[in-house]
file data.cif (mmCIF, C-alpha atoms and all ligand atoms)
data_data
#
loop_
_atom_site.label_atom_id
_atom_site.label_comp_id
_atom_site.auth_asym_id
_atom_site.auth_seq_id
_atom_site.Cartn_x
_atom_site.Cartn_y
_atom_site.Cartn_z
CA MET A 26 135.74 137.27 26.52
CA GLY A 27 133.62 138.39 29.48
CA MET A 28 131.12 135.92 30.86
CA GLU A 29 127.44 136.55 31.29
CA LYS A 30 126.71 137.67 34.84
CA VAL A 31 123.01 138.31 34.41
CA ASN A 32 121.01 136.38 37.03
CA LEU A 33 124.11 135.13 38.77
CA LYS A 34 124.30 135.47 42.50
CA GLU A 35 127.58 136.48 44.09
CA ALA A 36 128.74 133.63 46.29
CA VAL A 37 129.14 133.74 50.06
CA LEU A 38 132.27 132.68 51.92
CA TRP A 39 134.99 133.27 49.37
CA GLU A 40 137.99 135.55 49.20
CA PRO A 41 140.45 136.71 46.57
CA GLU A 42 143.84 135.03 46.58
CA LYS A 43 146.77 137.41 46.92
CA ALA A 44 148.01 137.13 43.37
CA GLY A 45 146.05 137.55 40.14
CA LYS A 46 142.33 136.97 39.91
CA LYS A 47 142.19 133.62 41.68
CA VAL A 48 139.64 133.11 44.43
CA ARG A 49 139.37 130.64 47.31
CA CYS A 50 135.99 129.19 48.29
CA SER A 51 135.58 128.24 51.95
CA LEU A 52 132.12 126.71 51.88
CA CYS A 53 133.26 123.11 51.95
CA ALA A 54 136.34 121.16 52.95
CA HIS A 55 137.63 121.02 49.38
CA ARG A 56 138.48 124.71 49.82
CA CYS A 57 138.94 125.10 46.07
CA VAL A 58 141.34 127.69 44.71
CA ILE A 59 139.70 128.69 41.43
CA ASP A 60 141.36 130.38 38.48
CA GLU A 61 139.64 133.18 36.61
CA GLY A 62 136.91 131.73 34.35
CA LYS A 63 137.03 128.31 36.04
CA LEU A 64 134.67 126.27 38.19
CA GLY A 65 135.05 124.81 41.67
CA ARG A 66 134.95 121.03 42.11
CA CYS A 67 131.17 121.13 42.56
CA CYS A 68 130.94 122.66 39.05
CA VAL A 69 128.21 125.10 40.15
CA ARG A 70 130.42 127.96 41.37
CA ARG A 71 132.45 129.98 38.90
CA ASN A 72 135.14 132.62 39.19
CA ILE A 73 134.19 135.44 36.81
CA ASP A 74 136.67 138.27 36.64
CA GLY A 75 137.96 137.61 40.15
CA VAL A 76 134.53 137.27 41.81
CA LEU A 77 132.95 133.94 42.79
CA TYR A 78 129.35 133.35 41.68
CA SER A 79 126.74 130.68 42.35
CA LEU A 80 125.39 129.34 39.03
CA THR A 81 122.33 127.67 40.59
CA TYR A 82 120.64 130.43 42.62
CA ASP A 83 117.81 130.80 40.12
CA LYS A 84 117.73 127.16 38.97
CA VAL A 85 115.59 125.17 41.38
CA CYS A 86 115.21 121.58 40.15
CA SER A 87 112.93 120.18 42.90
CA ALA A 88 110.33 121.92 45.06
CA ASN A 89 107.63 119.91 46.80
CA PRO A 90 106.30 119.04 50.26
CA ASP A 91 107.63 115.82 51.77
CA PRO A 92 107.14 114.13 55.13
CA ILE A 93 110.00 115.15 57.44
CA GLU A 94 110.40 111.43 58.14
CA LYS A 95 111.58 110.96 54.56
CA LYS A 96 114.69 113.11 55.06
CA PRO A 97 115.08 111.15 57.42
CA LEU A 98 114.57 113.26 60.53
CA PHE A 99 112.64 111.24 63.13
CA HIS A 100 113.01 113.52 66.17
CA PHE A 101 112.24 116.82 64.47
CA GLN A 102 108.61 118.00 64.32
CA PRO A 103 107.40 114.41 63.73
CA GLY A 104 104.44 114.02 61.41
CA SER A 105 105.02 117.40 59.75
CA GLN A 106 105.60 118.24 56.10
CA SER A 107 108.84 119.85 55.00
CA PHE A 108 108.98 121.88 51.78
CA SER A 109 111.91 120.22 50.02
CA ILE A 110 114.05 122.04 47.51
CA ALA A 111 117.20 121.30 45.54
CA THR A 112 119.38 122.66 42.80
CA MET A 113 121.77 120.63 40.66
CA GLY A 114 125.36 119.86 41.61
CA CYS A 115 127.36 118.23 44.38
CA ASN A 116 130.82 118.33 45.93
CA PHE A 117 130.93 114.49 46.17
CA ARG A 118 131.06 111.87 43.39
CA CYS A 119 129.48 108.86 45.13
CA ILE A 120 129.34 106.07 42.59
CA PHE A 121 126.13 104.74 44.12
CA CYS A 122 124.37 108.13 44.36
CA GLN A 123 120.59 107.76 44.58
CA ASN A 124 120.02 111.19 43.06
CA TRP A 125 122.72 111.13 40.40
CA GLN A 126 120.32 112.49 37.76
CA ILE A 127 120.43 115.85 39.54
CA SER A 128 123.66 115.69 41.51
CA GLN A 129 126.09 114.78 38.73
CA PRO A 130 125.13 116.35 35.33
CA ALA A 131 126.90 119.62 36.17
CA VAL A 132 130.06 117.60 36.72
CA GLU A 133 129.64 115.21 33.82
CA ASP A 134 128.64 117.62 31.06
CA GLY A 135 128.13 121.06 32.58
CA ARG A 136 124.35 120.79 32.56
CA ILE A 137 122.41 122.82 35.15
CA ASP A 138 118.63 122.60 34.74
CA GLY A 139 116.05 124.33 36.89
CA GLN A 140 113.45 127.03 37.28
CA PRO A 141 113.86 130.56 38.60
CA ILE A 142 111.81 130.23 41.79
CA SER A 143 112.59 133.06 44.18
CA PRO A 144 113.07 132.62 47.94
CA ARG A 145 109.85 134.59 48.42
CA GLN A 146 107.95 132.12 46.20
CA ILE A 147 109.54 129.12 47.92
CA VAL A 148 108.59 130.40 51.37
CA ALA A 149 105.06 131.25 50.18
CA SER A 150 104.66 127.72 48.74
CA ALA A 151 105.88 126.19 51.99
CA VAL A 152 103.35 128.20 53.99
CA ARG A 153 100.51 127.52 51.52
CA THR A 154 101.10 123.76 51.60
CA GLY A 155 101.07 123.69 55.41
CA CYS A 156 104.75 122.81 55.81
CA LYS A 157 106.47 123.51 59.11
CA SER A 158 109.94 123.68 57.63
CA ILE A 159 111.99 123.99 54.48
CA ALA A 160 114.36 121.10 53.72
CA TYR A 161 117.43 121.67 51.55
CA THR A 162 117.90 118.17 50.25
CA TYR A 163 118.25 115.63 47.38
CA THR A 164 121.59 117.19 46.39
CA GLU A 165 124.19 118.73 48.72
CA PRO A 166 122.79 122.00 50.13
CA THR A 167 126.22 123.39 50.98
CA VAL A 168 126.89 124.09 47.32
CA PHE A 169 123.68 126.13 47.00
CA MET A 170 124.15 127.94 50.29
CA GLU A 171 123.14 131.35 48.89
CA LEU A 172 119.62 130.14 48.09
CA CYS A 173 119.40 128.27 51.41
CA ALA A 174 120.37 131.41 53.33
CA ASP A 175 117.85 133.67 51.60
CA CYS A 176 115.03 131.11 51.99
CA GLY A 177 116.15 130.31 55.52
CA ARG A 178 116.07 133.89 56.77
CA LEU A 179 112.79 134.67 55.06
CA GLY A 180 111.27 131.41 56.21
CA ARG A 181 112.18 132.14 59.82
CA GLN A 182 110.22 135.38 59.59
CA LYS A 183 107.16 133.33 58.60
CA GLY A 184 107.66 130.83 61.43
CA LEU A 185 109.25 128.10 59.31
CA ARG A 186 112.19 125.99 60.45
CA ASN A 187 115.07 124.99 58.19
CA VAL A 188 116.79 121.63 57.80
CA PHE A 189 119.70 120.29 55.77
CA VAL A 190 120.18 116.78 54.46
CA SER A 191 123.90 116.83 53.95
CA ASN A 192 127.14 114.94 53.45
CA GLY A 193 128.63 116.97 56.30
CA TYR A 194 131.49 118.43 54.25
CA GLN A 195 130.93 122.02 55.37
CA THR A 196 133.73 124.10 56.80
CA LYS A 197 133.27 125.56 60.28
CA GLU A 198 132.78 128.94 58.63
CA ALA A 199 129.86 127.53 56.62
CA ILE A 200 128.25 125.98 59.70
CA ASP A 201 128.59 129.24 61.61
CA PHE A 202 127.13 131.10 58.62
CA ALA A 203 124.12 128.74 58.46
CA GLY A 204 123.74 128.54 62.23
CA GLU A 205 121.77 131.78 62.24
CA TRP A 206 118.75 130.09 60.58
CA LEU A 207 119.47 126.33 60.43
CA ASP A 208 117.50 124.25 62.96
CA GLY A 209 118.20 120.65 62.04
CA ILE A 210 120.52 118.52 59.95
CA ASN A 211 120.82 114.91 58.91
CA ILE A 212 124.43 114.10 58.07
CA ASP A 213 125.49 111.07 56.09
CA LEU A 214 128.32 109.33 57.86
CA LYS A 215 128.87 107.00 54.97
CA ALA A 216 131.57 104.80 56.46
CA PHE A 217 134.37 104.93 58.97
CA SER A 218 137.36 104.63 56.65
CA GLU A 219 139.31 107.16 54.63
CA ASP A 220 139.68 104.56 51.90
CA TYR A 221 135.91 104.32 51.39
CA TYR A 222 135.46 108.09 51.13
CA LYS A 223 138.40 108.42 48.77
CA ARG A 224 137.60 105.48 46.50
CA LEU A 225 133.81 105.70 46.30
CA CYS A 226 133.02 109.40 46.96
CA LYS A 227 136.21 111.26 45.95
CA ALA A 228 136.25 112.96 49.33
CA ARG A 229 137.70 112.54 52.82
CA LEU A 230 136.29 111.16 56.06
CA GLN A 231 137.96 113.49 58.55
CA PRO A 232 136.10 116.70 57.60
CA VAL A 233 132.79 114.85 58.04
CA LEU A 234 133.83 113.70 61.52
CA ASP A 235 134.90 117.27 62.33
CA THR A 236 131.51 118.62 61.22
CA ILE A 237 129.60 116.10 63.35
CA SER A 238 131.67 116.93 66.45
CA TYR A 239 131.38 120.66 65.86
CA ILE A 240 127.63 120.66 65.31
CA ALA A 241 127.03 118.43 68.33
CA LYS A 242 129.26 120.38 70.70
CA GLU A 243 129.23 123.96 69.50
CA THR A 244 125.80 124.62 67.99
CA ASN A 245 122.10 124.26 68.82
CA ILE A 246 121.34 122.54 65.50
CA TRP A 247 119.40 119.28 65.97
CA LEU A 248 121.51 116.42 64.57
CA GLU A 249 120.67 112.99 63.20
CA ILE A 250 123.07 110.67 61.34
CA THR A 251 122.52 108.26 58.44
CA THR A 252 124.72 105.42 57.23
CA LEU A 253 123.99 103.62 53.98
CA LEU A 254 125.11 100.06 54.50
CA VAL A 255 126.86 98.82 51.35
CA PRO A 256 127.58 95.07 51.29
CA ASP A 257 131.31 94.29 51.77
CA GLU A 258 132.26 97.98 51.67
CA ASN A 259 131.41 99.40 55.10
CA ASP A 260 129.49 96.69 56.94
CA SER A 261 132.12 94.82 58.94
CA ASP A 262 131.51 94.48 62.68
CA ASP A 263 134.75 96.28 63.40
CA GLU A 264 133.99 99.31 61.24
CA LEU A 265 130.39 99.64 62.44
CA LYS A 266 131.53 99.40 66.05
CA LYS A 267 134.05 102.20 65.51
CA LEU A 268 131.44 104.32 63.77
CA ALA A 269 128.85 103.83 66.52
CA ASP A 270 131.45 104.51 69.23
CA PHE A 271 132.39 107.72 67.45
CA ILE A 272 128.76 108.92 67.47
CA VAL A 273 128.43 108.12 71.17
CA GLN A 274 131.68 109.83 72.12
CA GLN A 275 131.50 112.89 69.89
CA ALA A 276 127.77 113.51 69.45
CA GLY A 277 126.20 111.64 72.38
CA THR A 278 123.78 108.79 72.94
CA ASP A 279 120.73 110.92 72.08
CA VAL A 280 121.68 111.40 68.42
CA PRO A 281 119.45 109.15 66.28
CA TRP A 282 121.36 106.81 63.96
CA HIS A 283 119.58 105.75 60.75
CA ILE A 284 120.99 102.66 59.08
CA SER A 285 119.79 102.61 55.53
CA ARG A 286 119.42 99.74 53.09
CA PHE A 287 121.46 99.97 49.89
CA TYR A 288 120.11 99.11 46.45
CA PRO A 289 122.44 99.00 43.41
CA GLN A 290 122.46 102.45 41.76
CA TYR A 291 124.19 104.66 39.20
CA LYS A 292 127.69 103.27 38.54
CA TYR A 293 127.62 100.73 41.35
CA LEU A 294 125.52 97.94 39.95
CA ASP A 295 127.55 94.78 40.55
CA SER A 296 126.20 94.27 44.01
CA VAL A 297 123.16 93.05 45.87
CA ALA A 298 120.80 94.96 48.12
CA THR A 299 121.95 94.99 51.75
CA PRO A 300 120.83 91.75 53.42
CA ILE A 301 118.33 92.33 56.23
CA SER A 302 120.63 90.31 58.51
CA SER A 303 123.41 92.94 58.04
CA LEU A 304 121.01 95.76 58.89
CA GLU A 305 119.91 93.94 62.03
CA ARG A 306 123.54 93.29 62.98
CA ALA A 307 124.30 97.01 62.59
CA TYR A 308 121.23 97.83 64.68
CA ASP A 309 122.50 95.61 67.50
CA ILE A 310 125.96 97.17 67.29
CA GLY A 311 124.46 100.66 67.61
CA LYS A 312 122.36 99.69 70.61
CA SER A 313 125.30 97.90 72.27
CA ALA A 314 127.42 101.03 71.81
CA GLY A 315 124.83 102.87 73.91
CA LEU A 316 122.86 104.78 71.28
CA HIS A 317 119.31 105.47 72.47
CA TYR A 318 117.69 105.61 69.05
CA VAL A 319 118.67 103.37 66.15
CA TYR A 320 116.46 103.04 63.07
CA LEU A 321 116.51 100.95 59.91
CA GLY A 322 115.60 102.73 56.69
CA ASN A 323 114.46 101.52 53.24
CA VAL A 324 113.06 98.38 54.86
CA PRO A 325 109.28 98.51 54.44
CA GLY A 326 107.37 97.28 57.45
CA ALA A 327 110.39 97.06 59.73
CA LYS A 328 109.57 97.51 63.38
CA SER A 329 112.81 99.42 63.73
CA GLU A 330 111.12 102.54 62.35
CA THR A 331 109.41 102.93 65.73
CA THR A 332 110.74 105.15 68.52
CA PHE A 333 110.88 103.32 71.85
CA CYS A 334 111.68 104.90 75.18
CA TYR A 335 115.38 104.18 75.77
CA ASN A 336 114.70 103.95 79.52
CA CYS A 337 111.57 101.80 79.96
CA GLY A 338 111.18 100.40 76.44
CA THR A 339 107.60 101.54 75.86
CA MET A 340 106.50 102.47 72.34
CA LEU A 341 106.54 106.27 71.85
CA ILE A 342 106.26 107.13 68.16
CA GLU A 343 104.84 104.49 65.85
CA ARG A 344 105.66 104.92 62.16
CA VAL A 345 104.19 103.14 59.18
CA GLY A 346 106.42 104.13 56.32
CA TYR A 347 106.46 107.93 56.45
CA HIS A 348 103.16 108.09 58.31
CA ILE A 349 102.94 108.64 62.07
CA ALA A 350 100.36 106.19 63.46
CA ALA A 351 100.80 107.31 67.08
CA ASN A 352 102.87 109.83 69.02
CA ARG A 353 102.74 109.39 72.80
CA VAL A 354 105.56 111.79 73.68
CA LYS A 355 104.34 114.40 76.18
CA ASP A 356 106.34 117.55 76.91
CA SER A 357 109.41 115.90 75.33
CA SER A 358 109.14 113.07 77.86
CA CYS A 359 108.03 109.45 78.04
CA PRO A 360 104.44 109.39 79.42
CA ASP A 361 105.16 106.15 81.31
CA CYS A 362 108.51 106.69 83.05
CA GLY A 363 109.14 110.42 82.56
CA ALA A 364 112.50 109.98 80.79
CA LYS A 365 113.47 112.96 78.65
CA ILE A 366 113.19 112.20 74.92
CA ALA A 367 115.61 114.24 72.86
CA GLY A 368 114.41 116.09 69.77
CA PHE A 369 112.95 119.25 68.33
CA GLU A 370 109.24 119.96 68.96
CA LEU A 371 108.37 116.30 69.58
S1 LIG B 1 131.52 124.53 47.52
FE1 LIG B 1 132.28 123.98 45.47
S2 LIG B 1 133.73 125.62 44.93
FE2 LIG B 1 133.38 125.75 47.15
S3 LIG B 1 135.05 124.57 48.08
FE3 LIG B 1 133.29 123.17 47.85
S4 LIG B 1 133.57 122.16 45.85
FE4 LIG B 1 134.93 123.96 45.90
#

call {"tool": "encode", "arguments": {"input": "data.cif", "output": "structure tokens", "more": "lines below"}}
Ligand code: SF4
result
Amino acid sequence: MGMEKVNLKEAVLWEPEKAGKKVRCSLCAHRCVIDEGKLGRCCVRRNIDGVLYSLTYDKVCSANPDPIEKKPLFHFQPGSQSFSIATMGCNFRCIFCQNWQISQPAVEDGRIDGQPISPRQIVASAVRTGCKSIAYTYTEPTVFMELCADCGRLGRQKGLRNVFVSNGYQTKEAIDFAGEWLDGINIDLKAFSEDYYKRLCKARLQPVLDTISYIAKETNIWLEITTLLVPDENDSDDELKKLADFIVQQAGTDVPWHISRFYPQYKYLDSVATPISSLERAYDIGKSAGLHYVYLGNVPGAKSETTFCYNCGTMLIERVGYHIAANRVKDSSCPDCGAKIAGFEL
């Protein structure tokens, strides 16, 4: 029986396998080989009659302006609003997912909810609400790349920037494909062990490390990194030291590192919220490794949301929650000592 193709968008970055009607998707590191009629691991891309389609192109489940600080991106157009969109689905299965209500239903029971909002409408809404960028966020943007690309190209024509909030599981081909219109990315580096990625996310660490190195060294995409600190899972001194050293060596000291507080979620409920002392310990480890900008997230009122000059220590960007109380950066430099402050349109 033929499947309904109405409103489906042919996928990008796939090719037919040599035999039969199988296809191979090369958007993410799973590199699924998909039989005719079947879905990829993300459950939002289907092989119909030997052609791969995106099932979510016309099913937008979130679309609203958000502070760019909420992504979090702290060194990217600070104080601006970013029009944030998502569709359902994900290529990871994190058992503590904060957005499991939209990331996992496609996997759990094949449910894909959303509205047909066209790229033209999304870009128009972003412009109308005074946003400076479009953020592809809440779920993994890689698996809705077709919508990202169409919004991204159109948005660029209207002067909008584009940012991803991502698990970093893209292939090099996908990064190159997005590089034409993608300006910034926050990548979750969830831990520094293969065991953690395998056990808790059903994925692998190495492709994420490869993505971080590739983006930092081979592209002009602005990069920030986030680590959710889960008690007794990824918060040992040894692991955090290795993770921070990796950022310094592969991405450089200017890449902001956000250390985020964990709260029990989804299927991971037998735990406590991350103790503040662990977050502060991780902060010190990041600074000792040489990182210029380390921030603590999900900790209301923490001073560690503020950007200080890495050279002279003066306060540069003061944040209160997602609000910018002061921004003293001048011409991407510290007004007191002249040190260059890395970022995008600071
Ligand atoms: S995007 Fe989906 S279909 Fe493609 S390789 Fe990743 S999990 Fe598989």

call {"tool": "residues_around", "arguments": {"input": "data.cif", "residues": "range 335-341 of chain A", "least_positions_apart": "4", "cutoff": "7 Å", "atoms": "all atoms listed in the file", "output": "list in words"}}
result
His317, Asn352, Arg353, Val354, Cys362 and Ala364 of chain A

call {"tool": "write_last_selection", "arguments": {"input": "data.cif", "atoms": "C-alpha atoms", "output": "PDB file, keeping the file's coordinate frame"}}
result
ATOM      1  CA  HIS A 317     119.310 105.470  72.470  1.00  0.00           C
ATOM      2  CA  ASN A 352     102.870 109.830  69.020  1.00  0.00           C
ATOM      3  CA  ARG A 353     102.740 109.390  72.800  1.00  0.00           C
ATOM      4  CA  VAL A 354     105.560 111.790  73.680  1.00  0.00           C
ATOM      5  CA  CYS A 362     108.510 106.690  83.050  1.00  0.00           C
ATOM      6  CA  ALA A 364     112.500 109.980  80.790  1.00  0.00           C
TER       7      ALA A 364
END

call {"tool": "atom_distance", "arguments": {"input": "data.cif", "atom1": "CA of Leu64 in chain A", "atom2": "CA of Tyr194 in chain A"}}
result
18.2 Å

call {"tool": "closest_residue", "arguments": {"input": "data.cif", "among": "A:Lys84, A:Lys227, A:Lys215, A:Arg186", "to": "ligand LIG 1 (chain B)", "atoms": "all atoms listed in the file"}}
result
A:Lys227

call {"tool": "residues_around", "arguments": {"input": "data.cif", "residues": "Lys47 in chain A", "least_positions_apart": "6", "cutoff": "12 Å", "atoms": "only C-alpha atoms", "output": "PyMOL selection string"}}
result
chain A and resi 39-41+57-65+71-77

call {"tool": "write_last_selection", "arguments": {"input": "data.cif", "atoms": "C-alpha atoms", "output": "PDB file, in the coordinates of the input"}}
result
ATOM      1  CA  TRP A  39     134.990 133.270  49.370  1.00  0.00           C
ATOM      2  CA  GLU A  40     137.990 135.550  49.200  1.00  0.00           C
ATOM      3  CA  PRO A  41     140.450 136.710  46.570  1.00  0.00           C
ATOM      4  CA  CYS A  57     138.940 125.100  46.070  1.00  0.00           C
ATOM      5  CA  VAL A  58     141.340 127.690  44.710  1.00  0.00           C
ATOM      6  CA  ILE A  59     139.700 128.690  41.430  1.00  0.00           C
ATOM      7  CA  ASP A  60     141.360 130.380  38.480  1.00  0.00           C
ATOM      8  CA  GLU A  61     139.640 133.180  36.610  1.00  0.00           C
ATOM      9  CA  GLY A  62     136.910 131.730  34.350  1.00  0.00           C
ATOM     10  CA  LYS A  63     137.030 128.310  36.040  1.00  0.00           C
ATOM     11  CA  LEU A  64     134.670 126.270  38.190  1.00  0.00           C
ATOM     12  CA  GLY A  65     135.050 124.810  41.670  1.00  0.00           C
ATOM     13  CA  ARG A  71     132.450 129.980  38.900  1.00  0.00           C
ATOM     14  CA  ASN A  72     135.140 132.620  39.190  1.00  0.00           C
ATOM     15  CA  ILE A  73     134.190 135.440  36.810  1.00  0.00           C
ATOM     16  CA  ASP A  74     136.670 138.270  36.640  1.00  0.00           C
ATOM     17  CA  GLY A  75     137.960 137.610  40.150  1.00  0.00           C
ATOM     18  CA  VAL A  76     134.530 137.270  41.810  1.00  0.00           C
ATOM     19  CA  LEU A  77     132.950 133.940  42.790  1.00  0.00           C
TER      20      LEU A  77
END

call {"tool": "residues_near_ligand", "arguments": {"input": "data.cif", "ligand": "ligand LIG 1 (chain B)", "cutoff": "12 Å", "atoms": "only C-alpha atoms and all ligand atoms", "output": "mmCIF file with C-alpha atoms, keeping the file's coordinate frame"}}
result
data_model
loop_
_atom_site.group_PDB
_atom_site.id
_atom_site.type_symbol
_atom_site.label_atom_id
_atom_site.label_comp_id
_atom_site.auth_asym_id
_atom_site.auth_seq_id
_atom_site.Cartn_x
_atom_site.Cartn_y
_atom_site.Cartn_z
ATOM 1 C CA ALA A 36 128.740 133.630 46.290
ATOM 2 C CA VAL A 37 129.140 133.740 50.060
ATOM 3 C CA LEU A 38 132.270 132.680 51.920
ATOM 4 C CA TRP A 39 134.990 133.270 49.370
ATOM 5 C CA GLU A 40 137.990 135.550 49.200
ATOM 6 C CA VAL A 48 139.640 133.110 44.430
ATOM 7 C CA ARG A 49 139.370 130.640 47.310
ATOM 8 C CA CYS A 50 135.990 129.190 48.290
ATOM 9 C CA SER A 51 135.580 128.240 51.950
ATOM 10 C CA LEU A 52 132.120 126.710 51.880
ATOM 11 C CA CYS A 53 133.260 123.110 51.950
ATOM 12 C CA ALA A 54 136.340 121.160 52.950
ATOM 13 C CA HIS A 55 137.630 121.020 49.380
ATOM 14 C CA ARG A 56 138.480 124.710 49.820
ATOM 15 C CA CYS A 57 138.940 125.100 46.070
ATOM 16 C CA VAL A 58 141.340 127.690 44.710
ATOM 17 C CA ILE A 59 139.700 128.690 41.430
ATOM 18 C CA ASP A 60 141.360 130.380 38.480
ATOM 19 C CA LYS A 63 137.030 128.310 36.040
ATOM 20 C CA LEU A 64 134.670 126.270 38.190
ATOM 21 C CA GLY A 65 135.050 124.810 41.670
ATOM 22 C CA ARG A 66 134.950 121.030 42.110
ATOM 23 C CA CYS A 67 131.170 121.130 42.560
ATOM 24 C CA CYS A 68 130.940 122.660 39.050
ATOM 25 C CA VAL A 69 128.210 125.100 40.150
ATOM 26 C CA ARG A 70 130.420 127.960 41.370
ATOM 27 C CA ARG A 71 132.450 129.980 38.900
ATOM 28 C CA ASN A 72 135.140 132.620 39.190
ATOM 29 C CA LEU A 77 132.950 133.940 42.790
ATOM 30 C CA TYR A 78 129.350 133.350 41.680
ATOM 31 C CA SER A 79 126.740 130.680 42.350
ATOM 32 C CA LEU A 80 125.390 129.340 39.030
ATOM 33 C CA THR A 81 122.330 127.670 40.590
ATOM 34 C CA GLY A 114 125.360 119.860 41.610
ATOM 35 C CA CYS A 115 127.360 118.230 44.380
ATOM 36 C CA ASN A 116 130.820 118.330 45.930
ATOM 37 C CA PHE A 117 130.930 114.490 46.170
ATOM 38 C CA ARG A 118 131.060 111.870 43.390
ATOM 39 C CA ALA A 131 126.900 119.620 36.170
ATOM 40 C CA VAL A 132 130.060 117.600 36.720
ATOM 41 C CA GLU A 165 124.190 118.730 48.720
ATOM 42 C CA PRO A 166 122.790 122.000 50.130
ATOM 43 C CA THR A 167 126.220 123.390 50.980
ATOM 44 C CA VAL A 168 126.890 124.090 47.320
ATOM 45 C CA PHE A 169 123.680 126.130 47.000
ATOM 46 C CA MET A 170 124.150 127.940 50.290
ATOM 47 C CA GLU A 171 123.140 131.350 48.890
ATOM 48 C CA ASN A 192 127.140 114.940 53.450
ATOM 49 C CA GLY A 193 128.630 116.970 56.300
ATOM 50 C CA TYR A 194 131.490 118.430 54.250
ATOM 51 C CA GLN A 195 130.930 122.020 55.370
ATOM 52 C CA THR A 196 133.730 124.100 56.800
ATOM 53 C CA GLU A 198 132.780 128.940 58.630
ATOM 54 C CA ALA A 199 129.860 127.530 56.620
ATOM 55 C CA LYS A 227 136.210 111.260 45.950
ATOM 56 C CA ALA A 228 136.250 112.960 49.330
#

call {"tool": "atom_distance", "arguments": {"input": "data.cif", "atom1": "CA of Gly315 in chain A", "atom2": "CA of Thr251 in chain A"}}
result
16.5 Å

call {"tool": "atom_distance", "arguments": {"input": "data.cif", "atom1": "CA of Val148 in chain A", "atom2": "CA of Gly104 in chain A"}}
result
19.7 Å

call {"tool": "residues_around", "arguments": {"input": "data.cif", "residues": "Gly180 in chain A", "least_positions_apart": "5", "cutoff": "12 Å", "atoms": "all atoms listed in the file", "output": "MDAnalysis selection string"}}
result
chainID A and resid 107:108 144:152 156:160 172:175 185:188 206:208

call {"tool": "write_last_selection", "arguments": {"input": "data.cif", "atoms": "C-alpha atoms", "output": "JSON list (two decimals), in the coordinates of the input"}}
result
[["chain", "number", "residue", "atom", "x", "y", "z"],
["A", 107, "SER", "CA", 108.84, 119.85, 55.00],
["A", 108, "PHE", "CA", 108.98, 121.88, 51.78],
["A", 144, "PRO", "CA", 113.07, 132.62, 47.94],
["A", 145, "ARG", "CA", 109.85, 134.59, 48.42],
["A", 146, "GLN", "CA", 107.95, 132.12, 46.20],
["A", 147, "ILE", "CA", 109.54, 129.12, 47.92],
["A", 148, "VAL", "CA", 108.59, 130.40, 51.37],
["A", 149, "ALA", "CA", 105.06, 131.25, 50.18],
["A", 150, "SER", "CA", 104.66, 127.72, 48.74],
["A", 151, "ALA", "CA", 105.88, 126.19, 51.99],
["A", 152, "VAL", "CA", 103.35, 128.20, 53.99],
["A", 156, "CYS", "CA", 104.75, 122.81, 55.81],
["A", 157, "LYS", "CA", 106.47, 123.51, 59.11],
["A", 158, "SER", "CA", 109.94, 123.68, 57.63],
["A", 159, "ILE", "CA", 111.99, 123.99, 54.48],
["A", 160, "ALA", "CA", 114.36, 121.10, 53.72],
["A", 172, "LEU", "CA", 119.62, 130.14, 48.09],
["A", 173, "CYS", "CA", 119.40, 128.27, 51.41],
["A", 174, "ALA", "CA", 120.37, 131.41, 53.33],
["A", 175, "ASP", "CA", 117.85, 133.67, 51.60],
["A", 185, "LEU", "CA", 109.25, 128.10, 59.31],
["A", 186, "ARG", "CA", 112.19, 125.99, 60.45],
["A", 187, "ASN", "CA", 115.07, 124.99, 58.19],
["A", 188, "VAL", "CA", 116.79, 121.63, 57.80],
["A", 206, "TRP", "CA", 118.75, 130.09, 60.58],
["A", 207, "LEU", "CA", 119.47, 126.33, 60.43],
["A", 208, "ASP", "CA", 117.50, 124.25, 62.96]]

call {"tool": "residues_around", "arguments": {"input": "data.cif", "residues": "Glu243 in chain A", "least_positions_apart": "5", "cutoff": "12 Å", "atoms": "all atoms listed in the file", "output": "compact mmCIF listing (two decimals) with C-alpha atoms, keeping the file's coordinate frame"}}
result
# COMPACT_ATOMS: atom_id res chain seq x y z
CA LYS A 197 133.27 125.56 60.28
CA ILE A 200 128.25 125.98 59.70
CA ASP A 201 128.59 129.24 61.61
CA GLY A 204 123.74 128.54 62.23
CA ASP A 235 134.90 117.27 62.33
CA THR A 236 131.51 118.62 61.22
CA ILE A 237 129.60 116.10 63.35
CA SER A 238 131.67 116.93 66.45
CA LEU A 248 121.51 116.42 64.57
CA GLN A 275 131.50 112.89 69.89
CA ALA A 276 127.77 113.51 69.45

call {"tool": "closest_residue", "arguments": {"input": "data.cif", "among": "A:Asp295, A:Asp309, A:Asp361, A:Asp91", "to": "Ile120 in chain A", "atoms": "only C-alpha atoms"}}
result
A:Asp295

call {"tool": "closest_residue", "arguments": {"input": "data.cif", "among": "A:Val255, A:Cys119, A:Val273, A:Pro92", "to": "Arg224 in chain A", "atoms": "all atoms listed in the file"}}
result
A:Cys119

call {"tool": "closest_residue", "arguments": {"input": "data.cif", "among": "A:Gln106, A:Ile93, A:Asn245, A:Phe121", "to": "Gln290 in chain A", "atoms": "only C-alpha atoms"}}
result
A:Phe121
